[in-house]
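Let me begin by presenting the structure, written as structure tokens, before commenting on it.
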Protein chains: 2
Amino acid sequence: MKIETVKGTRDFYPDKMRFRNWLFDKLRQVSELYGYEEFDGPFLEYLDLYAAKSGEELVNEQTYILESRGGEKLAIRPEMTPTLARMVAAKQNELRKPIRWFTIPNIWRYEQPQRGRKREFYQWNVDILGVESMDADAEVVAVTVDVLKALGLEKGEFVVRINNRYYLEELLKSLNLDLSLEPAIYREIDRIEKLKPEVFRANLEQAGLDTATVEKLETALRNRNFGDFKPLRDLWERLEQYGIAEYVEFDPSIVRGLLYYTGTVFEVWDPTKRFRRAIMGGGRYDNLITALGGQPLPGVGIACSDVTLEEMLEQLGRLPKLARTLDAFVVHYSPAERPTAIKVASQLRNGGLTTELSLSDLSLDKQLKAASNSGAHFAIIVAPAELERGEVNVKNLQTRQQQTVRVEELATILKGQL
Amino acid sequence: MKIETVKGTRDFYPDKMRFRNWLFDKLRQVSELYGYEEFDGPFLEYLDLYAAKSGEELVNEQTYILESRGGEKLAIRPEMTPTLARMVAAKQNELRKPIRWFTIPNIWRYEQPQRGRKREFYQWNVDILGVESMDADAEVVAVTVDVLKALGLEKGEFVVRINNRYYLEELLKSLNLDLSLEPAIYREIDRIEKLKPEVFRANLEQAGLDTATVEKLETALRNRNFGDFKPLRDLWERLEQYGIAEYVEFDPSIVRGLLYYTGTVFEVWDPTKRFRRAIMGGGRYDNLITALGGQPLPGVGIACSDVTLEEMLEQLGRLPKLARTLDAFVVHYSPAERPTAIKVASQLRNGGLTTELSLSDLSLDKQLKAASNSGAHFAIIVAPAELERGEVNVKNLQTRQQQTVRVEELATILKGQL
């Protein structure tokens, strides 16, 4: 019986796992440099947690729903912000403010698997709660830029496109639109990058806008100057102080699909838009904590998927080469040396050296070949002639040089040569 | 609207997450010392993967089952060995042998939550495949003992109880039992530690054993000498060479519930049996890879839950104290110093120092109090008088000592004092 992996999932064999660990370490390091603390929640939540604010498409079309054996309606987390908000609301008074948290949970969404998109993925989330001013938004953008730089991306290879939902609201108000049209207009703007201009226009006209209004709207969305709109002015002032204004761009067509965003919204894009979708997305959610039973507490956050980051690094030729590393591989001349080989390996491990022990009684040559294939730095050869003098043979598998070393000094000497 | 966590799950607030990371780091370190490489698989698998070999209770009563939106019957992984076996079978020829892998996945089982048991938990798994001899079994026991020692457990605080399924088979054969009774007998032996002796006896008699046979069986299960049963003799020889014979014990009543075990089975227990269940469990599974469509490949592994380990450390008073650590917290005298405070924080982060930036315009005293509460080592005070000389004030929050430092030397000087 051959069983496949579930569609849209990945097996992390050790080589893939090394990349995942490398990526997570970078995300952790930068988050922690900014004082963010790691958290996590359960993989399953009550479906109600998402029903409130996450948005129709995500909950009704993309969320994996199940009934537990106790008859409870559960959801596999399709995003992490609701869990964060639930946790904050539950212990709101005990938590030091501002709350700076990050996490890298696995997330499931029922979507069509394609380049840069899987049904199961890991999502880095960084959030700050408790700051009303644009200082929080600026800090989240700064962490984002630093994460991308830490992954090896350079200026010109990504851009943070920033908008404010209230700016967009005012813009639509200035067009004197029928209020009932707004949801349809937001939906079209949200996918503007995926639509051809003529389709975008046709959709809006079909929704009830006249041609002149559609033209005005298109012109307004191409505007790259937010004028004296205060939240964006405040934000840009800080971004300049961080020295990252060159990585950002005002773009009034940024909307974000999630219902809980209130002010700033941002997306990271590759400037060529080859991806045709955002690499990261986030924004401000000032009402989410109260929606989940807490006291008012403003929040800002951003999130991105490991699949998209990997895809982006690959396209840019920036995937790191991560060979397997191992300090030592202990081989033996004959079964009679096995007990000593075990002791030698234990001694190396006690000294902190990662050590594989040959468990086969194949010829020494074949064992040495296995040592070479393991990626080990040193092969330790336990053989009777050297053992009589209390020594073992050490072969440096990179330089092919050999030396004999007294057993009791082995760990110390090898550590000095690594 | 207040939403609870799903029953049997945990929220990992930063303090709990610090413990989880500490625990995982220890598990990783020891696994890697033995040359084991980390892997992972998807959180959902086809239900069929478990139906084959995992055992009735686990699949039919404890596994979370769902239908995907595409109508596929999926299971949330209730254990990791079937995923490992599936992955190995799929790339069997490409993988270097022996395969030494470990993983710490999250696992779900629908069980009654209680001390040391949750419905969602993390499970350390360490497995070696491709070794027929007892060398593999001995190595897995050695990793297990080293993991427990690395977590702070000492001799006498745990014992690895070891059996071999074939030993038990021979034992039952020697009692001349009706073969049809065997499943019932195995089931009763598997839960012997949870049953009062009189209940154990009554259950066996009800299953169809006569009183004399039950007595013989009880005596045989109390035997601590495996005689000349070769696999156990070979295993013990190696355990002595590892110097860990004092941590292990032969116990013919160890069975393990999973259907795929073939030879060696082992469980880690606290010697007082206060837990009334195993802390870890594992064994040899020589037929699992073929059951999943691969070529014959023997395997041995062991697994344990993070919940049980935490509970055990807590009972022994060995839980580590893991305070939050942060290098620097930057505060400012007035809004006019905010731009410089941002630059100072960026400079510290570029120097590798974890740094929180005060985003409030409260009084300097209140900001310094926030710095103290953050767990930071240093408070950096950006104030106009010092800034005029190109300096900032640095307060060591442990010693309360203050110094002034030139801004451009700040990161270097603080790193030297950490």
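Identifiers in this document derive from the order of the structure tokens: chains are assigned A, B, ..., residues are numbered from 1 separately in each chain, and ligands are numbered from 1 in order of occurrence.
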| field | Shell of 12 Å around Glu198 (chain A), only C-alpha atoms, local chain residues under 6 positions omitted, as a PyMOL selection string | value | chain A and resi 192+204-205+211+214-215+218
Store the residues of this selection in a file with C-alpha atoms, as a compact mmCIF listing (two decimals), in the first residue's frame.
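Dumped everything to again.txt:
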# COMPACT_ATOMS: atom_id res chain seq x y z
CA ILE A 192 -6.54 45.36 -9.03
CA LEU A 204 -16.79 48.62 -11.69
CA GLU A 205 -19.24 49.69 -14.36
CA THR A 211 -17.57 55.78 -16.85
CA VAL A 214 -14.40 55.02 -12.91
CA GLU A 215 -11.87 57.27 -14.67
CA GLU A 218 -8.41 55.17 -11.58
task = Residues of chain A no more than 6 Å from chain B, counting only C-alpha atoms: send them over as a ChimeraX atom specification.
result = /A:1-2,6,9,11-14,17,32-35,37-42,45,66,241,292-293,339,349,354-356
Could the residues in this selection be written to a file with N, CA and C atoms, as a PDB file, in the first residue's frame?
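Output file again_33.pdb follows:
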ATOM      1  N   MET A   1       0.840  -1.201   0.000  1.00  0.00           N
ATOM      2  CA  MET A   1       0.000   0.000   0.000  1.00  0.00           C
ATOM      3  C   MET A   1       0.875   1.251   0.000  1.00  0.00           C
ATOM      4  N   LYS A   2       0.736   2.069  -1.024  1.00  0.00           N
ATOM      5  CA  LYS A   2       1.505   3.316  -1.137  1.00  0.00           C
ATOM      6  C   LYS A   2       0.559   4.466  -0.774  1.00  0.00           C
ATOM      7  N   VAL A   6      -0.947  14.555   1.448  1.00  0.00           N
ATOM      8  CA  VAL A   6      -2.160  15.305   1.154  1.00  0.00           C
ATOM      9  C   VAL A   6      -1.792  16.467   0.220  1.00  0.00           C
ATOM     10  N   THR A   9       0.544  19.980   0.600  1.00  0.00           N
ATOM     11  CA  THR A   9       1.400  19.906   1.783  1.00  0.00           C
ATOM     12  C   THR A   9       2.821  19.542   1.356  1.00  0.00           C
ATOM     13  N   ASP A  11       6.550  17.504   2.558  1.00  0.00           N
ATOM     14  CA  ASP A  11       7.379  16.708   3.455  1.00  0.00           C
ATOM     15  C   ASP A  11       8.690  17.448   3.629  1.00  0.00           C
ATOM     16  N   PHE A  12       9.094  17.632   4.857  1.00  0.00           N
ATOM     17  CA  PHE A  12      10.382  18.287   5.107  1.00  0.00           C
ATOM     18  C   PHE A  12      11.435  17.218   5.383  1.00  0.00           C
ATOM     19  N   TYR A  13      12.045  16.717   4.312  1.00  0.00           N
ATOM     20  CA  TYR A  13      13.205  15.847   4.474  1.00  0.00           C
ATOM     21  C   TYR A  13      14.329  16.702   5.076  1.00  0.00           C
ATOM     22  N   PRO A  14      15.373  16.059   5.642  1.00  0.00           N
ATOM     23  CA  PRO A  14      16.386  16.859   6.346  1.00  0.00           C
ATOM     24  C   PRO A  14      16.946  18.052   5.562  1.00  0.00           C
ATOM     25  N   MET A  17      14.390  20.672   5.736  1.00  0.00           N
ATOM     26  CA  MET A  17      14.260  21.100   7.127  1.00  0.00           C
ATOM     27  C   MET A  17      15.391  22.058   7.500  1.00  0.00           C
ATOM     28  N   GLU A  32      13.555  39.269  17.566  1.00  0.00           N
ATOM     29  CA  GLU A  32      14.092  39.447  18.920  1.00  0.00           C
ATOM     30  C   GLU A  32      14.977  40.684  19.025  1.00  0.00           C
ATOM     31  N   LEU A  33      15.641  41.056  17.941  1.00  0.00           N
ATOM     32  CA  LEU A  33      16.442  42.292  17.965  1.00  0.00           C
ATOM     33  C   LEU A  33      15.559  43.494  18.289  1.00  0.00           C
ATOM     34  N   TYR A  34      14.314  43.444  17.867  1.00  0.00           N
ATOM     35  CA  TYR A  34      13.379  44.537  18.140  1.00  0.00           C
ATOM     36  C   TYR A  34      12.624  44.331  19.455  1.00  0.00           C
ATOM     37  N   GLY A  35      13.002  43.312  20.220  1.00  0.00           N
ATOM     38  CA  GLY A  35      12.370  43.095  21.524  1.00  0.00           C
ATOM     39  C   GLY A  35      11.066  42.326  21.458  1.00  0.00           C
ATOM     40  N   GLU A  37       8.715  39.083  21.582  1.00  0.00           N
ATOM     41  CA  GLU A  37       8.790  37.797  22.271  1.00  0.00           C
ATOM     42  C   GLU A  37       7.942  36.761  21.536  1.00  0.00           C
ATOM     43  N   GLU A  38       8.431  35.532  21.509  1.00  0.00           N
ATOM     44  CA  GLU A  38       7.721  34.484  20.770  1.00  0.00           C
ATOM     45  C   GLU A  38       6.528  33.952  21.571  1.00  0.00           C
ATOM     46  N   PHE A  39       5.439  33.654  20.867  1.00  0.00           N
ATOM     47  CA  PHE A  39       4.279  33.010  21.488  1.00  0.00           C
ATOM     48  C   PHE A  39       3.732  31.984  20.503  1.00  0.00           C
ATOM     49  N   ASP A  40       2.788  31.184  20.967  1.00  0.00           N
ATOM     50  CA  ASP A  40       2.085  30.266  20.064  1.00  0.00           C
ATOM     51  C   ASP A  40       0.731  29.943  20.688  1.00  0.00           C
ATOM     52  N   GLY A  41      -0.176  29.492  19.875  1.00  0.00           N
ATOM     53  CA  GLY A  41      -1.488  29.072  20.354  1.00  0.00           C
ATOM     54  C   GLY A  41      -1.781  27.697  19.806  1.00  0.00           C
ATOM     55  N   PRO A  42      -2.956  27.174  20.090  1.00  0.00           N
ATOM     56  CA  PRO A  42      -3.290  25.845  19.576  1.00  0.00           C
ATOM     57  C   PRO A  42      -3.557  25.869  18.076  1.00  0.00           C
ATOM     58  N   GLU A  45      -8.957  25.993  16.750  1.00  0.00           N
ATOM     59  CA  GLU A  45      -9.691  26.991  17.529  1.00  0.00           C
ATOM     60  C   GLU A  45     -11.180  26.774  17.264  1.00  0.00           C
ATOM     61  N   LEU A  66     -13.893  21.201  11.175  1.00  0.00           N
ATOM     62  CA  LEU A  66     -14.188  19.827  11.579  1.00  0.00           C
ATOM     63  C   LEU A  66     -15.016  19.832  12.846  1.00  0.00           C
ATOM     64  N   GLN A 241      13.071  58.735   9.739  1.00  0.00           N
ATOM     65  CA  GLN A 241      13.990  58.660  10.880  1.00  0.00           C
ATOM     66  C   GLN A 241      14.620  57.266  10.996  1.00  0.00           C
ATOM     67  N   LEU A 292     -13.339  40.709  20.636  1.00  0.00           N
ATOM     68  CA  LEU A 292     -13.163  39.410  21.287  1.00  0.00           C
ATOM     69  C   LEU A 292     -13.285  39.523  22.802  1.00  0.00           C
ATOM     70  N   GLY A 293     -13.993  40.558  23.261  1.00  0.00           N
ATOM     71  CA  GLY A 293     -14.334  40.640  24.672  1.00  0.00           C
ATOM     72  C   GLY A 293     -13.330  41.374  25.533  1.00  0.00           C
ATOM     73  N   PRO A 339      33.333  -2.064  21.255  1.00  0.00           N
ATOM     74  CA  PRO A 339      33.143  -1.445  22.586  1.00  0.00           C
ATOM     75  C   PRO A 339      33.936  -0.147  22.735  1.00  0.00           C
ATOM     76  N   ARG A 349      30.754  13.093  22.165  1.00  0.00           N
ATOM     77  CA  ARG A 349      29.452  13.735  22.424  1.00  0.00           C
ATOM     78  C   ARG A 349      29.472  14.489  23.744  1.00  0.00           C
ATOM     79  N   THR A 354      29.107  16.701  17.549  1.00  0.00           N
ATOM     80  CA  THR A 354      28.086  15.857  16.934  1.00  0.00           C
ATOM     81  C   THR A 354      28.785  14.679  16.269  1.00  0.00           C
ATOM     82  N   THR A 355      28.352  13.477  16.613  1.00  0.00           N
ATOM     83  CA  THR A 355      29.113  12.276  16.282  1.00  0.00           C
ATOM     84  C   THR A 355      28.217  11.129  15.844  1.00  0.00           C
ATOM     85  N   GLU A 356      28.465  10.633  14.638  1.00  0.00           N
ATOM     86  CA  GLU A 356      27.794   9.404  14.208  1.00  0.00           C
ATOM     87  C   GLU A 356      28.710   8.239  14.482  1.00  0.00           C
TER      88      GLU A 356
END
Can you tell me which residues surround Ala51 (chain B) at a distance of at most 9 Å, considering only C-alpha atoms, apart from same-chain residues fewer than 5 positions away, and format the answer as a PyMOL selection string?
chain B and resi 56+59-60
Same residues, C-alpha atoms, output as an mmCIF file, in the first residue's frame:
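Output contents, as saved in result38.cif:
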data_model
loop_
_atom_site.group_PDB
_atom_site.id
_atom_site.type_symbol
_atom_site.label_atom_id
_atom_site.label_comp_id
_atom_site.auth_asym_id
_atom_site.auth_seq_id
_atom_site.Cartn_x
_atom_site.Cartn_y
_atom_site.Cartn_z
ATOM 1 C CA GLU B 56 -7.670 0.272 16.916
ATOM 2 C CA VAL B 59 -7.396 5.365 15.168
ATOM 3 C CA ASN B 60 -11.020 4.739 16.073
#
TODO: Pick out the residues sitting within 6 Å of Leu129 (chain B), and hand them over as a PyMOL selection string; count only C-alpha atoms, and ignore anything fewer than 6 positions along from it in its own chain.
DONE: chain B and resi 98-99+298-299
Write to file, as a PDB file, in the first residue's frame, the residues of the selection just made, with N, CA and C atoms.
ATOM      1  N   PRO B  98      22.576   4.137   7.763  1.00  0.00           N
ATOM      2  CA  PRO B  98      21.252   4.133   8.349  1.00  0.00           C
ATOM      3  C   PRO B  98      20.649   5.532   8.374  1.00  0.00           C
ATOM      4  N   ILE B  99      19.328   5.584   8.339  1.00  0.00           N
ATOM      5  CA  ILE B  99      18.600   6.847   8.435  1.00  0.00           C
ATOM      6  C   ILE B  99      18.464   7.178   9.913  1.00  0.00           C
ATOM      7  N   PRO B 298      14.407  -2.337   8.482  1.00  0.00           N
ATOM      8  CA  PRO B 298      14.074  -2.359   9.913  1.00  0.00           C
ATOM      9  C   PRO B 298      14.189  -0.971  10.540  1.00  0.00           C
ATOM     10  N   GLY B 299      13.425  -0.736  11.572  1.00  0.00           N
ATOM     11  CA  GLY B 299      13.473   0.556  12.255  1.00  0.00           C
ATOM     12  C   GLY B 299      13.320   0.415  13.756  1.00  0.00           C
TER      13      GLY B 299
END
Run DSSP on the backbone of this structure and report the residues of region 116-260 of chain A it assigns to helix (DSSP H, G or I), as a ChimeraX atom specification.
/A:134-150,165-174,179-190,192-194,197-207,211-222,230-241,245-247
message: When you look at Asp365 (chain A) with a cut-off of 12 Å (counting only C-alpha atoms), what residues show up, excluding the ones that are within fewer than 2 positions of it in the same chain? I need them as an MDAnalysis selection string.
response: chainID A and resid 331:334 360:363 367:372 379 381
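Using only C-alpha atoms, the residues found no farther than 10 Å from Asn223 (chain A), other than those of its own chain fewer than 5 positions away, are Glu218, Phe250, Asp251, Pro252 and Ser253 of chain A.
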In Å and to one decimal, CA of Leu172 (chain B) is distant from CA of Ala184 (chain B) by 12.2 Å
Among A:Pro296, A:Pro335, A:Pro320, A:Gly281, Thr144 (chain A) is approached most closely, using only C-alpha atoms, by A:Gly281
Margin query: I want to know what sits within 10 Å of Gly390 (chain B), based on only C-alpha atoms, with residues of the same chain fewer than 5 positions away left out; could you give that as a PyMOL selection string?
Written below: chain B and resi 384-385+404-408
Those selected residues, please, written with N, CA and C atoms and delivered as a PDB file, in the first residue's frame.
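Output saved as out_31.pdb:
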ATOM      1  N   PRO B 384      18.926  65.805  25.974  1.00  0.00           N
ATOM      2  CA  PRO B 384      19.581  66.885  25.201  1.00  0.00           C
ATOM      3  C   PRO B 384      20.991  67.252  25.680  1.00  0.00           C
ATOM      4  N   ALA B 385      21.204  67.305  26.987  1.00  0.00           N
ATOM      5  CA  ALA B 385      22.507  67.758  27.481  1.00  0.00           C
ATOM      6  C   ALA B 385      23.626  66.846  26.997  1.00  0.00           C
ATOM      7  N   THR B 404      28.235  57.615  30.986  1.00  0.00           N
ATOM      8  CA  THR B 404      27.929  58.247  29.695  1.00  0.00           C
ATOM      9  C   THR B 404      28.852  57.638  28.647  1.00  0.00           C
ATOM     10  N   VAL B 405      28.271  57.417  27.465  1.00  0.00           N
ATOM     11  CA  VAL B 405      28.994  56.714  26.401  1.00  0.00           C
ATOM     12  C   VAL B 405      28.783  57.471  25.100  1.00  0.00           C
ATOM     13  N   ARG B 406      29.830  57.610  24.303  1.00  0.00           N
ATOM     14  CA  ARG B 406      29.693  58.226  22.991  1.00  0.00           C
ATOM     15  C   ARG B 406      28.800  57.336  22.119  1.00  0.00           C
ATOM     16  N   VAL B 407      27.864  57.980  21.397  1.00  0.00           N
ATOM     17  CA  VAL B 407      26.854  57.235  20.642  1.00  0.00           C
ATOM     18  C   VAL B 407      27.496  56.214  19.694  1.00  0.00           C
ATOM     19  N   GLU B 408      28.564  56.626  18.991  1.00  0.00           N
ATOM     20  CA  GLU B 408      29.124  55.716  17.984  1.00  0.00           C
ATOM     21  C   GLU B 408      29.842  54.519  18.603  1.00  0.00           C
TER      22      GLU B 408
END
